[in-house]
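Participant: Next comes the structure file protein03.pdb, holding PDB, C-alpha atoms, pLDDT in the B column.
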```pdb
MODEL        1
ATOM      1  CA  MET X 151     103.540 123.431  98.578  1.00 79.00           C
ATOM      2  CA  LEU X 152     103.718 120.109 100.427  1.00 87.00           C
ATOM      3  CA  ALA X 153     102.298 121.754 103.558  1.00 89.00           C
ATOM      4  CA  LEU X 154      99.297 123.046 101.574  1.00 85.00           C
ATOM      5  CA  LEU X 155      98.728 119.601 100.100  1.00 88.00           C
ATOM      6  CA  ALA X 156      98.817 118.120 103.609  1.00 89.00           C
ATOM      7  CA  ALA X 157      96.276 120.763 104.703  1.00 86.00           C
ATOM      8  CA  ALA X 158      93.985 119.913 101.771  1.00 86.00           C
ATOM      9  CA  VAL X 159      94.179 116.186 102.541  1.00 89.00           C
ATOM     10  CA  SER X 160      93.408 116.994 106.189  1.00 88.00           C
ATOM     11  CA  GLY X 161      90.356 118.955 105.037  1.00 85.00           C
ATOM     12  CA  VAL X 162      89.106 115.957 103.070  1.00 88.00           C
ATOM     13  CA  ALA X 163      89.688 113.730 106.095  1.00 90.00           C
ATOM     14  CA  MET X 164      87.843 116.196 108.358  1.00 86.00           C
ATOM     15  CA  ALA X 165      84.728 116.097 106.165  1.00 87.00           C
ATOM     16  CA  ILE X 166      84.765 112.287 106.212  1.00 91.00           C
ATOM     17  CA  GLN X 167      85.524 112.205 109.949  1.00 93.00           C
ATOM     18  CA  GLY X 168      82.671 114.573 110.750  1.00 91.00           C
ATOM     19  CA  SER X 169      80.266 112.428 108.757  1.00 92.00           C
ATOM     20  CA  LEU X 170      81.428 109.198 110.429  1.00 94.00           C
ATOM     21  CA  ASN X 171      81.320 110.778 113.892  1.00 94.00           C
ATOM     22  CA  THR X 172      77.791 112.072 113.281  1.00 94.00           C
ATOM     23  CA  ALA X 173      76.617 108.610 112.153  1.00 95.00           C
ATOM     24  CA  LEU X 174      78.133 107.143 115.334  1.00 95.00           C
ATOM     25  CA  SER X 175      76.484 109.774 117.543  1.00 95.00           C
ATOM     26  CA  LYS X 176      73.068 109.074 115.985  1.00 94.00           C
ATOM     27  CA  LYS X 177      73.402 105.462 117.154  1.00 96.00           C
ATOM     28  CA  ILE X 178      74.826 105.938 120.663  1.00 97.00           C
ATOM     29  CA  GLY X 179      74.360 109.648 121.526  1.00 96.00           C
ATOM     30  CA  LEU X 180      76.478 112.794 121.247  1.00 94.00           C
ATOM     31  CA  VAL X 181      78.560 112.562 124.425  1.00 95.00           C
ATOM     32  CA  PRO X 182      79.156 108.790 124.175  1.00 97.00           C
ATOM     33  CA  GLY X 183      80.044 109.245 120.487  1.00 95.00           C
ATOM     34  CA  THR X 184      82.502 112.012 121.361  1.00 95.00           C
ATOM     35  CA  PHE X 185      84.037 109.775 124.035  1.00 96.00           C
ATOM     36  CA  ILE X 186      84.427 106.797 121.682  1.00 97.00           C
ATOM     37  CA  VAL X 187      85.988 108.977 118.961  1.00 96.00           C
ATOM     38  CA  HIS X 188      88.605 110.263 121.403  1.00 96.00           C
ATOM     39  CA  LEU X 189      89.179 106.820 122.923  1.00 97.00           C
ATOM     40  CA  VAL X 190      89.868 105.319 119.484  1.00 97.00           C
ATOM     41  CA  GLY X 191      92.088 108.298 118.609  1.00 95.00           C
ATOM     42  CA  THR X 192      94.021 107.904 121.854  1.00 96.00           C
ATOM     43  CA  GLY X 193      94.551 104.209 121.134  1.00 97.00           C
ATOM     44  CA  PHE X 194      95.793 104.968 117.628  1.00 96.00           C
ATOM     45  CA  ALA X 195      98.158 107.686 118.916  1.00 95.00           C
ATOM     46  CA  LEU X 196      99.507 105.189 121.466  1.00 95.00           C
ATOM     47  CA  VAL X 197     100.192 102.654 118.694  1.00 96.00           C
ATOM     48  CA  LEU X 198     102.051 105.334 116.717  1.00 95.00           C
ATOM     49  CA  LEU X 199     104.125 106.195 119.807  1.00 94.00           C
ATOM     50  CA  LEU X 200     104.934 102.548 120.473  1.00 93.00           C
ATOM     51  CA  PHE X 201     106.141 102.118 116.884  1.00 93.00           C
ATOM     52  CA  GLY X 202     108.316 105.235 117.163  1.00 90.00           C
ATOM     53  CA  VAL X 203     106.446 107.251 114.548  1.00 92.00           C
ATOM     54  CA  GLY X 204     107.495 110.900 114.724  1.00 84.00           C
ATOM     55  CA  LYS X 205     109.967 112.670 116.951  1.00 85.00           C
ATOM     56  CA  SER X 206     109.298 112.526 120.700  1.00 86.00           C
ATOM     57  CA  GLN X 207     110.813 114.928 123.199  1.00 90.00           C
ATOM     58  CA  TRP X 208     109.098 113.924 126.428  1.00 89.00           C
ATOM     59  CA  GLU X 209     111.803 115.642 128.474  1.00 92.00           C
ATOM     60  CA  MET X 210     110.438 119.002 127.249  1.00 92.00           C
ATOM     61  CA  LEU X 211     106.984 118.316 128.710  1.00 92.00           C
ATOM     62  CA  LYS X 212     107.796 120.215 131.925  1.00 93.00           C
ATOM     63  CA  GLN X 213     108.525 123.353 129.900  1.00 93.00           C
ATOM     64  CA  VAL X 214     105.174 123.415 128.088  1.00 92.00           C
ATOM     65  CA  PRO X 215     102.902 126.277 129.285  1.00 90.00           C
ATOM     66  CA  TRP X 216      99.720 125.078 131.005  1.00 91.00           C
ATOM     67  CA  TYR X 217      97.444 126.634 128.379  1.00 90.00           C
ATOM     68  CA  ASN X 218      98.890 124.386 125.653  1.00 89.00           C
ATOM     69  CA  PHE X 219      97.000 121.487 127.249  1.00 92.00           C
ATOM     70  CA  ILE X 220      93.620 123.170 126.671  1.00 93.00           C
ATOM     71  CA  GLY X 221      93.757 121.781 123.123  1.00 91.00           C
ATOM     72  CA  GLY X 222      92.526 118.429 124.430  1.00 92.00           C
ATOM     73  CA  ILE X 223      89.457 120.054 125.967  1.00 94.00           C
ATOM     74  CA  LEU X 224      88.872 122.057 122.796  1.00 93.00           C
ATOM     75  CA  GLY X 225      89.159 118.828 120.770  1.00 92.00           C
ATOM     76  CA  VAL X 226      86.253 117.308 122.679  1.00 94.00           C
ATOM     77  CA  GLY X 227      84.181 120.454 122.121  1.00 93.00           C
ATOM     78  CA  ILE X 228      85.097 120.517 118.435  1.00 93.00           C
ATOM     79  CA  VAL X 229      84.086 116.895 117.808  1.00 93.00           C
ATOM     80  CA  TYR X 230      80.823 117.435 119.724  1.00 94.00           C
ATOM     81  CA  GLY X 231      80.070 120.671 117.827  1.00 93.00           C
ATOM     82  CA  VAL X 232      80.830 119.100 114.437  1.00 92.00           C
ATOM     83  CA  MET X 233      78.478 116.192 115.154  1.00 93.00           C
ATOM     84  CA  VAL X 234      75.675 118.537 116.228  1.00 93.00           C
ATOM     85  CA  SER X 235      76.105 120.857 113.243  1.00 92.00           C
ATOM     86  CA  ILE X 236      76.364 118.133 110.576  1.00 91.00           C
ATOM     87  CA  GLU X 237      73.253 116.409 111.906  1.00 91.00           C
ATOM     88  CA  LYS X 238      71.248 119.650 111.726  1.00 89.00           C
ATOM     89  CA  THR X 239      72.607 121.331 108.571  1.00 87.00           C
ATOM     90  CA  GLY X 240      74.389 118.686 106.482  1.00 87.00           C
ATOM     91  CA  VAL X 241      78.078 118.152 105.769  1.00 88.00           C
ATOM     92  CA  ALA X 242      78.628 120.958 103.222  1.00 85.00           C
ATOM     93  CA  ALA X 243      76.939 123.769 105.175  1.00 83.00           C
ATOM     94  CA  ALA X 244      78.412 122.683 108.514  1.00 86.00           C
ATOM     95  CA  THR X 245      81.909 122.327 107.076  1.00 87.00           C
ATOM     96  CA  THR X 246      81.699 125.752 105.436  1.00 85.00           C
ATOM     97  CA  ALA X 247      80.547 127.355 108.691  1.00 86.00           C
ATOM     98  CA  ILE X 248      83.338 125.546 110.551  1.00 89.00           C
ATOM     99  CA  ILE X 249      85.890 126.870 108.060  1.00 89.00           C
ATOM    100  CA  VAL X 250      84.534 130.433 108.397  1.00 89.00           C
ATOM    101  CA  GLY X 251      84.914 130.230 112.176  1.00 91.00           C
ATOM    102  CA  GLN X 252      88.326 128.610 111.866  1.00 91.00           C
ATOM    103  CA  VAL X 253      89.701 131.167 109.405  1.00 92.00           C
ATOM    104  CA  SER X 254      88.234 134.099 111.370  1.00 93.00           C
ATOM    105  CA  MET X 255      89.934 132.940 114.557  1.00 93.00           C
ATOM    106  CA  ALA X 256      93.142 132.099 112.666  1.00 93.00           C
ATOM    107  CA  ALA X 257      93.261 135.651 111.278  1.00 94.00           C
ATOM    108  CA  LEU X 258      92.914 137.032 114.816  1.00 95.00           C
ATOM    109  CA  VAL X 259      95.616 134.697 116.158  1.00 94.00           C
ATOM    110  CA  ASP X 260      97.892 135.714 113.276  1.00 95.00           C
ATOM    111  CA  HIS X 261      97.207 139.424 113.720  1.00 96.00           C
ATOM    112  CA  LEU X 262      97.868 139.379 117.472  1.00 96.00           C
ATOM    113  CA  GLY X 263     100.730 136.877 117.263  1.00 94.00           C
ATOM    114  CA  LEU X 264      99.143 134.731 119.963  1.00 92.00           C
ATOM    115  CA  PHE X 265     100.728 131.609 121.463  1.00 87.00           C
ATOM    116  CA  GLY X 266     104.248 132.676 120.573  1.00 85.00           C
ATOM    117  CA  LEU X 267     103.599 132.941 116.830  1.00 89.00           C
ATOM    118  CA  GLU X 268     104.993 135.694 114.647  1.00 95.00           C
ATOM    119  CA  PRO X 269     102.318 138.410 114.057  1.00 96.00           C
ATOM    120  CA  ILE X 270     100.870 138.613 110.539  1.00 95.00           C
ATOM    121  CA  PRO X 271      98.843 141.820 110.088  1.00 95.00           C
ATOM    122  CA  PHE X 272      95.158 141.687 109.131  1.00 95.00           C
ATOM    123  CA  ASN X 273      94.149 143.599 105.996  1.00 96.00           C
ATOM    124  CA  TRP X 274      91.037 144.367 103.950  1.00 95.00           C
ATOM    125  CA  TRP X 275      91.684 141.518 101.507  1.00 96.00           C
ATOM    126  CA  LYS X 276      91.575 138.991 104.328  1.00 94.00           C
ATOM    127  CA  GLY X 277      88.376 140.593 105.623  1.00 95.00           C
ATOM    128  CA  ILE X 278      86.768 140.399 102.189  1.00 96.00           C
ATOM    129  CA  GLY X 279      87.816 136.739 101.874  1.00 94.00           C
ATOM    130  CA  ILE X 280      86.297 135.876 105.251  1.00 93.00           C
ATOM    131  CA  GLY X 281      83.142 137.786 104.313  1.00 94.00           C
ATOM    132  CA  LEU X 282      82.818 135.856 101.045  1.00 94.00           C
ATOM    133  CA  MET X 283      83.227 132.574 102.916  1.00 88.00           C
ATOM    134  CA  ALA X 284      80.485 133.642 105.333  1.00 89.00           C
ATOM    135  CA  VAL X 285      78.185 134.419 102.385  1.00 91.00           C
ATOM    136  CA  SER X 286      78.913 130.977 100.910  1.00 85.00           C
ATOM    137  CA  ALA X 287      78.010 129.325 104.231  1.00 79.00           C
ATOM    138  CA  TRP X 288      74.739 131.266 104.278  1.00 84.00           C
ATOM    139  CA  LEU X 289      73.995 130.236 100.671  1.00 86.00           C
ATOM    140  CA  LEU X 290      74.652 126.583 101.482  1.00 78.00           C
ATOM    141  CA  LEU X 291      72.227 126.754 104.419  1.00 75.00           C
ATOM    142  CA  HIS X 292      69.371 127.933 102.181  1.00 74.00           C
ATOM    143  CA  ARG X 293      68.194 124.814 100.394  1.00 64.00           C
TER     144      ARG X 293
ENDMDL
END
```
Before we go any further, please render this structure as structure tokens.
Facilitator:
Amino acid sequence: MLALLAAAVSGVAMAIQGSLNTALSKKIGLVPGTFIVHLVGTGFALVLLLFGVGKSQWEMLKQVPWYNFIGGILGVGIVYGVMVSIEKTGVAAATTAIIVGQVSMAALVDHLGLFGLEPIPFNWWKGIGIGLMAVSAWLLLHR
């Protein structure tokens, strides 16, 4: 239950973050805004590391598969895409579309057991849920 609460709080933070990032990008541009967001995030992560927040196992870094580092590149694309979509469609519609894409890909990752995760089979109920989310995104886009 605590993990779901953490996910919900993260969702709230993501909606606020997307809005703040979009406001920043309107002032300085999309790519500079994306850069500043990641620069500030890097600085904050460094502060957390310096204060010993969390468990660090730097010695394991050599054993990490190369494709695990693609997350940083994806992060830049995600922040850029969120800023573009919120500016054009609004926070609610963009966030709903983001969630539809996120859950669709998550269901595929689960089903195939990608990245060393335990496979969780896809079923019709999950498909119906994703379809209903897609309909809600479409409804939010029609003002």
Participant: For the PyMOL selection byres ((chain X and resi 181-195) around 10), applied here, can you spell out every residue it catches as a PyMOL selection string?
Facilitator: chain X and resi 167+170-180+196-201+203+222+225-231+233
Participant: Atom CA of X:His261 and atom CA of X:Ile280 are how many Å apart?
Facilitator: 14.3 Å
Participant: Set the distance at 10 Å and use all atoms listed in the file: which residues neighbour X:Ser254 once local chain neighbours fewer than 6 positions away are removed? I'd like the list as a list in words.
Facilitator: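 That gives Ile248, Asp260, Lys276, Gly277, Gly279, Ile280, Gly281, Met283 and Ala284 of chain X.
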Participant: What is the atom CA of X:Gly161 to atom CA of X:Ser286 distance in Å?
Facilitator: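 Between these atoms lies a distance of 17.1 Å.
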Participant: Interatomic distance between atom CA of X:Met255 and atom CA of X:Gln207?
Facilitator: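 Result for atom CA of X:Met255 versus atom CA of X:Gln207: 28.9 Å, one decimal.
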Participant: What residues have an atom no more than 9 Å from (82.7, 126.5, 100.4) in the file's own frame, counting only C-alpha atoms, and can you write them as a short mmCIF file (atom, residue, chain, number, x, y, z; two decimals) with C-alpha atoms, in the frame of the given file?
Facilitator:
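File produced: point_26.cif:
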```
data_model
loop_
_atom_site.label_atom_id
_atom_site.label_comp_id
_atom_site.auth_asym_id
_atom_site.auth_seq_id
_atom_site.Cartn_x
_atom_site.Cartn_y
_atom_site.Cartn_z
CA ALA X 242 78.63 120.96 103.22
CA ALA X 243 76.94 123.77 105.18
CA THR X 245 81.91 122.33 107.08
CA THR X 246 81.70 125.75 105.44
CA ALA X 247 80.55 127.36 108.69
CA ILE X 249 85.89 126.87 108.06
CA MET X 283 83.23 132.57 102.92
CA ALA X 284 80.48 133.64 105.33
CA SER X 286 78.91 130.98 100.91
CA ALA X 287 78.01 129.32 104.23
CA LEU X 290 74.65 126.58 101.48
#
```
Participant: Quick one: axis-aligned box around all listed atoms of stretch 255-274 of chain X, 5 Å on every side, centre and edge lengths in Å to one decimal, written as lines of an AutoDock Vina configuration file.
Facilitator:
```
center_x = 97.5
center_y = 138.0
center_z = 112.7
size_x = 25.1
size_y = 22.8
size_z = 27.5
```
Participant: Specify as a list in words each residue included when the PyMOL selection byres ((chain X and resi 272) around 10) is applied to this file.
Facilitator: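 Applied to this file, the PyMOL selection byres ((chain X and resi 272) around 10) returns Ala257, Leu258, Val259, Asp260, His261, Leu262, Pro269, Ile270, Pro271, Asn273, Trp274, Trp275, Lys276 and Gly277 of chain X.
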Participant: Can you write just those residues out, C-alpha atoms, as a CSV table (one decimal), in the frame of the given file?
Facilitator:
```csv
chain,number,residue,atom,x,y,z
X,257,ALA,CA,93.3,135.7,111.3
X,258,LEU,CA,92.9,137.0,114.8
X,259,VAL,CA,95.6,134.7,116.2
X,260,ASP,CA,97.9,135.7,113.3
X,261,HIS,CA,97.2,139.4,113.7
X,262,LEU,CA,97.9,139.4,117.5
X,269,PRO,CA,102.3,138.4,114.1
X,270,ILE,CA,100.9,138.6,110.5
X,271,PRO,CA,98.8,141.8,110.1
X,273,ASN,CA,94.1,143.6,106.0
X,274,TRP,CA,91.0,144.4,104.0
X,275,TRP,CA,91.7,141.5,101.5
X,276,LYS,CA,91.6,139.0,104.3
X,277,GLY,CA,88.4,140.6,105.6
```
Participant: With N, CA and C atoms as the target, complete stretch 274-287 of chain X and hand it back as a PDB file, in the frame of the given file.
Facilitator:
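Full text of result20.pdb as output:
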```pdb
ATOM      1  N   TRP X 274      92.375 144.379 104.546  1.00 95.00           N
ATOM      2  CA  TRP X 274      91.037 144.367 103.950  1.00 95.00           C
ATOM      3  C   TRP X 274      90.810 143.145 103.074  1.00 95.00           C
ATOM      4  N   TRP X 275      91.834 142.676 102.370  1.00 96.00           N
ATOM      5  CA  TRP X 275      91.684 141.518 101.507  1.00 96.00           C
ATOM      6  C   TRP X 275      91.299 140.288 102.313  1.00 96.00           C
ATOM      7  N   LYS X 276      91.918 140.127 103.470  1.00 94.00           N
ATOM      8  CA  LYS X 276      91.575 138.991 104.328  1.00 94.00           C
ATOM      9  C   LYS X 276      90.140 139.135 104.825  1.00 94.00           C
ATOM     10  N   GLY X 277      89.750 140.342 105.177  1.00 95.00           N
ATOM     11  CA  GLY X 277      88.376 140.593 105.623  1.00 95.00           C
ATOM     12  C   GLY X 277      87.357 140.288 104.547  1.00 95.00           C
ATOM     13  N   ILE X 278      87.663 140.690 103.319  1.00 96.00           N
ATOM     14  CA  ILE X 278      86.768 140.399 102.189  1.00 96.00           C
ATOM     15  C   ILE X 278      86.678 138.889 101.965  1.00 96.00           C
ATOM     16  N   GLY X 279      87.811 138.195 102.043  1.00 94.00           N
ATOM     17  CA  GLY X 279      87.816 136.739 101.874  1.00 94.00           C
ATOM     18  C   GLY X 279      86.963 136.040 102.914  1.00 94.00           C
ATOM     19  N   ILE X 280      87.099 136.472 104.176  1.00 93.00           N
ATOM     20  CA  ILE X 280      86.297 135.876 105.251  1.00 93.00           C
ATOM     21  C   ILE X 280      84.816 136.188 105.029  1.00 93.00           C
ATOM     22  N   GLY X 281      84.526 137.412 104.603  1.00 94.00           N
ATOM     23  CA  GLY X 281      83.142 137.786 104.313  1.00 94.00           C
ATOM     24  C   GLY X 281      82.534 136.942 103.201  1.00 94.00           C
ATOM     25  N   LEU X 282      83.304 136.691 102.144  1.00 94.00           N
ATOM     26  CA  LEU X 282      82.818 135.856 101.045  1.00 94.00           C
ATOM     27  C   LEU X 282      82.582 134.418 101.507  1.00 94.00           C
ATOM     28  N   MET X 283      83.445 133.922 102.377  1.00 88.00           N
ATOM     29  CA  MET X 283      83.227 132.574 102.916  1.00 88.00           C
ATOM     30  C   MET X 283      81.950 132.536 103.742  1.00 88.00           C
ATOM     31  N   ALA X 284      81.701 133.590 104.525  1.00 89.00           N
ATOM     32  CA  ALA X 284      80.485 133.642 105.333  1.00 89.00           C
ATOM     33  C   ALA X 284      79.246 133.655 104.444  1.00 89.00           C
ATOM     34  N   VAL X 285      79.302 134.393 103.345  1.00 91.00           N
ATOM     35  CA  VAL X 285      78.185 134.419 102.385  1.00 91.00           C
ATOM     36  C   VAL X 285      77.972 133.029 101.800  1.00 91.00           C
ATOM     37  N   SER X 286      79.069 132.325 101.481  1.00 85.00           N
ATOM     38  CA  SER X 286      78.913 130.977 100.910  1.00 85.00           C
ATOM     39  C   SER X 286      78.290 130.023 101.927  1.00 85.00           C
ATOM     40  N   ALA X 287      78.632 130.162 103.194  1.00 79.00           N
ATOM     41  CA  ALA X 287      78.010 129.325 104.231  1.00 79.00           C
ATOM     42  C   ALA X 287      76.511 129.618 104.296  1.00 79.00           C
TER      43      ALA X 287
END
```
